[in-house]
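Below: the structure, in structure tokens.
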Amino acid sequence: MTTAGPRLSLLDLATVGRDQSIGEALETSVTLAQKADSLGSFERLWFAEHHNMPSIASAATAVLLAHVAARTDRIRVGSGGVMLPNHSPLVIAEQFGTLAELHPGRVDLGLGRAPGTDQVTSRALRVDPRASDGFPDDVLELQGYLADESLVPTIHAFPGRGTKVPLYILGSSLFGAQLAARLGLPYAFASHFAPDALQQAVEVYRREFQPSEQLAEPYVIAALNVVVADDQEHAEALAASVLRSRVRSLASRVPAYAGQLDDATVDALMQSPVAAQARHMMTYTAVGDIAAVRTYLDQFAGLARADELMINNAAPGLDNRLRALELLATPLTP
């Protein structure tokens with residue numbers, strides 16, 4: 001089953017609800033992955049590397065990908081992304097090479113330059129603060145390990161060598177756009193939470209793109225949030241809940257609110273700069289019934305000049321998210 005319009009894929013943050021265990025959150029991700037797989041309308045499913053965040057359970061990204069890939073049949077699975085400065089390129093090549101051998105033709109490797117956490121946690125990860133400066137060289141080294149011949153004499157990735165796992169550069173600035181263009185790799189923009197440079201970055205990427213062995217023409221993936229339901233009223237109520245959750249998450253990082261984020265405090269924060277920040281982060285969010293959301297997706301794909309849209313299925317509750325997948329997969333009627 002396919003839908004008209006831009007290609008659709010899914011980003012899952014393995015979100016842990018307020019009254020949910022991490023195990024339950026991971027099982028929810030598996031259930032959603034199996035639903036998306038059975039519907040057949042989504043290109044890929046990506047998980048992102050984040051650390052020291054109690055509301056996100058995808059820190060061990062390759063481990064989670066292995067679990068999800070083993071419980072699905074068709075959909076591509078990958079990282080959106082692995083934060084390469086946190087890791088040795090050889091280790092990532094071995095991890096994703098293993099995944100590629102277990103699930104041939106189904107594995108993507110999206111790469112980011114940010115640490116995916118705060119500075120204190122970066123130190124706990126034993127990451128040199130200057131590690132991100134070497135990101136372009138690390139991407140090339142990793143690409144070599146996954147190719148037929150390593151760039152590092154006598155060092156090869158087993159598993160990994162020859163798998164040619166496709167690489168994607170993730171970003172929210174011109175740096176990632178320029179790097180993806182220079183290396184001839186697909187570019188995925190994190191506009192679901194960092195909207196500001198979307199159009200400029202895509203313009204730079206498309207203008208400067210140089211063909212490579214992996215990719216002959218530029219390929220853009222743009223991310224956005226989607227809250228879709230059977231009717232507009234229900235979707236708007238779900239979107240309001242999503243916004244409250246984002247406000248709560250942002251405020252939890254402010255020492256003044258530590259341990260004080262009850263519902264009354266969040267109510268008060270909804271007119272604060274914290275809420276303004278959350279609303280800005282959610283600039284690109286489609287809310288409504290399927291007709292309204294489809295119109296938004298088409299318009300956003302045009303705005304972003306995107307070949308593919310990466311959807312953060314943001315609604316709270318497993319039933320709401322499963323229904324959202326069904327609606328998004330429903331073919332257009334003539």
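In the structure tokens, chains take the letters A, B, ... in the order shown, each chain's residues start at 1, and ligands count up from 1 in the order shown.
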List as a PDB file with N, CA and C atoms, in the first residue's frame the protein and nucleic acid residues near Phe300 of chain A, meaning an atom at most 12 Å away when only C-alpha atoms are counted, but skip any in the same chain fewer than 6 places from it.
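Okay, selection.pdb is ready:
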ATOM      1  N   GLY A   5       1.996  11.766  -2.830  1.00  0.00           N
ATOM      2  CA  GLY A   5       2.702  12.815  -2.108  1.00  0.00           C
ATOM      3  C   GLY A   5       4.116  12.397  -1.770  1.00  0.00           C
ATOM      4  N   PRO A   6       4.783  13.159  -0.891  1.00  0.00           N
ATOM      5  CA  PRO A   6       6.173  12.861  -0.553  1.00  0.00           C
ATOM      6  C   PRO A   6       6.315  11.517   0.157  1.00  0.00           C
ATOM      7  N   SER A 191      14.337  19.621  11.394  1.00  0.00           N
ATOM      8  CA  SER A 191      13.391  20.738  11.508  1.00  0.00           C
ATOM      9  C   SER A 191      12.245  20.451  12.458  1.00  0.00           C
ATOM     10  N   HIS A 192      12.165  19.247  13.015  1.00  0.00           N
ATOM     11  CA  HIS A 192      11.115  18.954  13.992  1.00  0.00           C
ATOM     12  C   HIS A 192      11.394  19.629  15.335  1.00  0.00           C
ATOM     13  N   PRO A 195      13.994  24.637  13.651  1.00  0.00           N
ATOM     14  CA  PRO A 195      13.438  25.022  12.351  1.00  0.00           C
ATOM     15  C   PRO A 195      14.162  26.130  11.602  1.00  0.00           C
ATOM     16  N   LEU A 198      16.317  25.785   8.026  1.00  0.00           N
ATOM     17  CA  LEU A 198      15.884  24.725   7.110  1.00  0.00           C
ATOM     18  C   LEU A 198      16.077  25.106   5.646  1.00  0.00           C
ATOM     19  N   GLN A 199      15.441  26.169   5.210  1.00  0.00           N
ATOM     20  CA  GLN A 199      15.465  26.505   3.785  1.00  0.00           C
ATOM     21  C   GLN A 199      16.864  26.890   3.311  1.00  0.00           C
ATOM     22  N   ILE A 221      15.960  14.847   3.298  1.00  0.00           N
ATOM     23  CA  ILE A 221      14.937  14.398   4.237  1.00  0.00           C
ATOM     24  C   ILE A 221      14.700  15.538   5.225  1.00  0.00           C
ATOM     25  N   ALA A 222      13.477  15.943   5.392  1.00  0.00           N
ATOM     26  CA  ALA A 222      13.138  17.006   6.345  1.00  0.00           C
ATOM     27  C   ALA A 222      12.190  16.446   7.400  1.00  0.00           C
ATOM     28  N   ALA A 223      12.494  16.733   8.656  1.00  0.00           N
ATOM     29  CA  ALA A 223      11.703  16.194   9.759  1.00  0.00           C
ATOM     30  C   ALA A 223      10.669  17.198  10.240  1.00  0.00           C
ATOM     31  N   LEU A 224       9.540  16.677  10.712  1.00  0.00           N
ATOM     32  CA  LEU A 224       8.499  17.516  11.300  1.00  0.00           C
ATOM     33  C   LEU A 224       7.684  16.680  12.272  1.00  0.00           C
ATOM     34  N   ASN A 225       6.924  17.382  13.109  1.00  0.00           N
ATOM     35  CA  ASN A 225       6.014  16.731  14.050  1.00  0.00           C
ATOM     36  C   ASN A 225       4.644  16.584  13.398  1.00  0.00           C
ATOM     37  N   VAL A 226       3.975  15.482  13.679  1.00  0.00           N
ATOM     38  CA  VAL A 226       2.629  15.261  13.169  1.00  0.00           C
ATOM     39  C   VAL A 226       1.727  14.798  14.305  1.00  0.00           C
ATOM     40  N   THR A 283       7.671  24.667  15.395  1.00  0.00           N
ATOM     41  CA  THR A 283       7.199  25.479  14.270  1.00  0.00           C
ATOM     42  C   THR A 283       6.603  24.616  13.166  1.00  0.00           C
ATOM     43  N   TYR A 284       7.306  23.560  12.822  1.00  0.00           N
ATOM     44  CA  TYR A 284       6.834  22.678  11.758  1.00  0.00           C
ATOM     45  C   TYR A 284       6.119  21.481  12.370  1.00  0.00           C
ATOM     46  N   THR A 285       4.826  21.684  12.618  1.00  0.00           N
ATOM     47  CA  THR A 285       3.979  20.654  13.215  1.00  0.00           C
ATOM     48  C   THR A 285       2.646  20.621  12.481  1.00  0.00           C
ATOM     49  N   ALA A 286       2.291  19.462  11.965  1.00  0.00           N
ATOM     50  CA  ALA A 286       1.009  19.283  11.295  1.00  0.00           C
ATOM     51  C   ALA A 286      -0.006  18.765  12.311  1.00  0.00           C
ATOM     52  N   VAL A 293      -3.819  17.290   7.471  1.00  0.00           N
ATOM     53  CA  VAL A 293      -2.411  16.916   7.637  1.00  0.00           C
ATOM     54  C   VAL A 293      -1.775  16.624   6.288  1.00  0.00           C
ATOM     55  N   ARG A 294      -2.486  15.968   5.396  1.00  0.00           N
ATOM     56  CA  ARG A 294      -1.920  15.704   4.074  1.00  0.00           C
ATOM     57  C   ARG A 294      -1.616  17.012   3.335  1.00  0.00           C
ATOM     58  N   ALA A 306      11.964  18.885  -0.096  1.00  0.00           N
ATOM     59  CA  ALA A 306      12.322  17.587   0.478  1.00  0.00           C
ATOM     60  C   ALA A 306      11.861  16.444  -0.427  1.00  0.00           C
ATOM     61  N   ASP A 307      12.711  15.443  -0.559  1.00  0.00           N
ATOM     62  CA  ASP A 307      12.351  14.219  -1.259  1.00  0.00           C
ATOM     63  C   ASP A 307      11.595  13.263  -0.344  1.00  0.00           C
ATOM     64  N   GLU A 308      11.781  13.440   0.951  1.00  0.00           N
ATOM     65  CA  GLU A 308      11.209  12.524   1.938  1.00  0.00           C
ATOM     66  C   GLU A 308      10.956  13.297   3.223  1.00  0.00           C
ATOM     67  N   LEU A 309       9.889  12.959   3.911  1.00  0.00           N
ATOM     68  CA  LEU A 309       9.565  13.582   5.191  1.00  0.00           C
ATOM     69  C   LEU A 309       9.749  12.565   6.314  1.00  0.00           C
ATOM     70  N   MET A 310      10.448  12.984   7.356  1.00  0.00           N
ATOM     71  CA  MET A 310      10.666  12.152   8.534  1.00  0.00           C
ATOM     72  C   MET A 310       9.708  12.631   9.614  1.00  0.00           C
ATOM     73  N   ILE A 311       8.740  11.798   9.947  1.00  0.00           N
ATOM     74  CA  ILE A 311       7.643  12.190  10.828  1.00  0.00           C
ATOM     75  C   ILE A 311       7.924  11.766  12.262  1.00  0.00           C
TER      76      ILE A 311
END
query: Which residues, written as number ranges by chain, have at least one atom at most 9 Å from segment 242-258 of chain A, with only C-alpha atoms counted and residues fewer than 5 positions away on the same chain left out?
result: A: 55, 227, 237, 265-267, 269-270, 274-279, 282, 314-316
Using N, CA and C atoms, can you export the residues from the last selection as a compact mmCIF listing (two decimals), in the first residue's frame?
# COMPACT_ATOMS: atom_id res chain seq x y z
N SER A 55 13.43 10.79 29.79
CA SER A 55 12.23 10.62 28.97
C SER A 55 12.53 9.98 27.61
N VAL A 227 0.58 15.46 14.43
CA VAL A 227 -0.47 15.03 15.35
C VAL A 227 -1.74 14.91 14.52
N ALA A 237 -6.62 18.75 20.69
CA ALA A 237 -6.47 18.40 22.11
C ALA A 237 -5.17 17.62 22.33
N THR A 265 2.33 24.01 38.23
CA THR A 265 3.53 24.72 37.78
C THR A 265 3.59 24.76 36.26
N VAL A 266 3.25 23.64 35.61
CA VAL A 266 3.24 23.62 34.16
C VAL A 266 2.19 24.57 33.61
N ASP A 267 1.01 24.64 34.27
CA ASP A 267 -0.01 25.61 33.86
C ASP A 267 0.56 27.03 33.84
N LEU A 269 3.63 27.88 33.54
CA LEU A 269 4.70 28.01 32.56
C LEU A 269 4.20 28.17 31.13
N MET A 270 2.91 27.91 30.89
CA MET A 270 2.41 27.93 29.52
C MET A 270 2.40 29.32 28.90
N VAL A 274 9.70 29.76 28.49
CA VAL A 274 9.92 28.34 28.25
C VAL A 274 8.90 27.82 27.24
N ALA A 275 7.64 28.20 27.40
CA ALA A 275 6.60 27.77 26.46
C ALA A 275 6.82 28.40 25.09
N ALA A 276 7.28 29.64 25.06
CA ALA A 276 7.57 30.29 23.77
C ALA A 276 8.66 29.53 23.03
N GLN A 277 9.66 29.07 23.77
CA GLN A 277 10.72 28.27 23.16
C GLN A 277 10.17 26.96 22.61
N ALA A 278 9.32 26.31 23.40
CA ALA A 278 8.73 25.04 22.95
C ALA A 278 7.90 25.25 21.69
N ARG A 279 7.11 26.30 21.67
CA ARG A 279 6.29 26.58 20.47
C ARG A 279 7.17 26.83 19.26
N MET A 282 8.54 23.71 17.81
CA MET A 282 7.49 22.96 17.11
C MET A 282 6.90 23.74 15.94
N ALA A 314 3.89 12.42 17.18
CA ALA A 314 4.07 13.06 18.49
C ALA A 314 2.93 12.83 19.47
N ALA A 315 1.79 12.33 19.04
CA ALA A 315 0.63 12.23 19.93
C ALA A 315 0.93 11.34 21.13
N PRO A 316 0.42 11.70 22.31
CA PRO A 316 0.60 10.84 23.48
C PRO A 316 -0.31 9.62 23.41
message: Using only C-alpha atoms, which protein or nucleic acid residues come within 10 Å of Gly80 of chain A? Drop anything in the same chain fewer than 6 positions from it, and give the result as a ChimeraX atom specification.
response: /A:10-13,45-49,61,108-112,168-170,188,190,310
Distance of atom CA of Ile92 of chain A from atom CA of Ala216 of chain A, expressed in Å to one decimal place: 25.1 Å
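Nearest to Glu141 of chain A of all the residues A:Pro159, A:Gly78, A:Pro331, A:Pro89 is A:Pro89, based on only C-alpha atoms.
Among the candidates A:Pro186, A:Gly176, A:Gly134, A:Gly97, the residue lying nearest to Val204 of chain A is A:Gly176 (atoms considered: only C-alpha atoms).
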message: Could you go through segment 44-154 of chain A and tell me which residues DSSP, when run on the backbone, assigns to strand (DSSP E), listing them as number ranges by chain?
response: A: 44-47, 76-83, 107-112
query: Can you list, as a count of residues only, every residue of segment 31-256 of chain A that DSSP puts in alpha helix (DSSP H)?
result: 92
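Picture a line from atom CA of Ala181 of chain A to atom CA of Tyr205 of chain A; it runs 5.2 Å.
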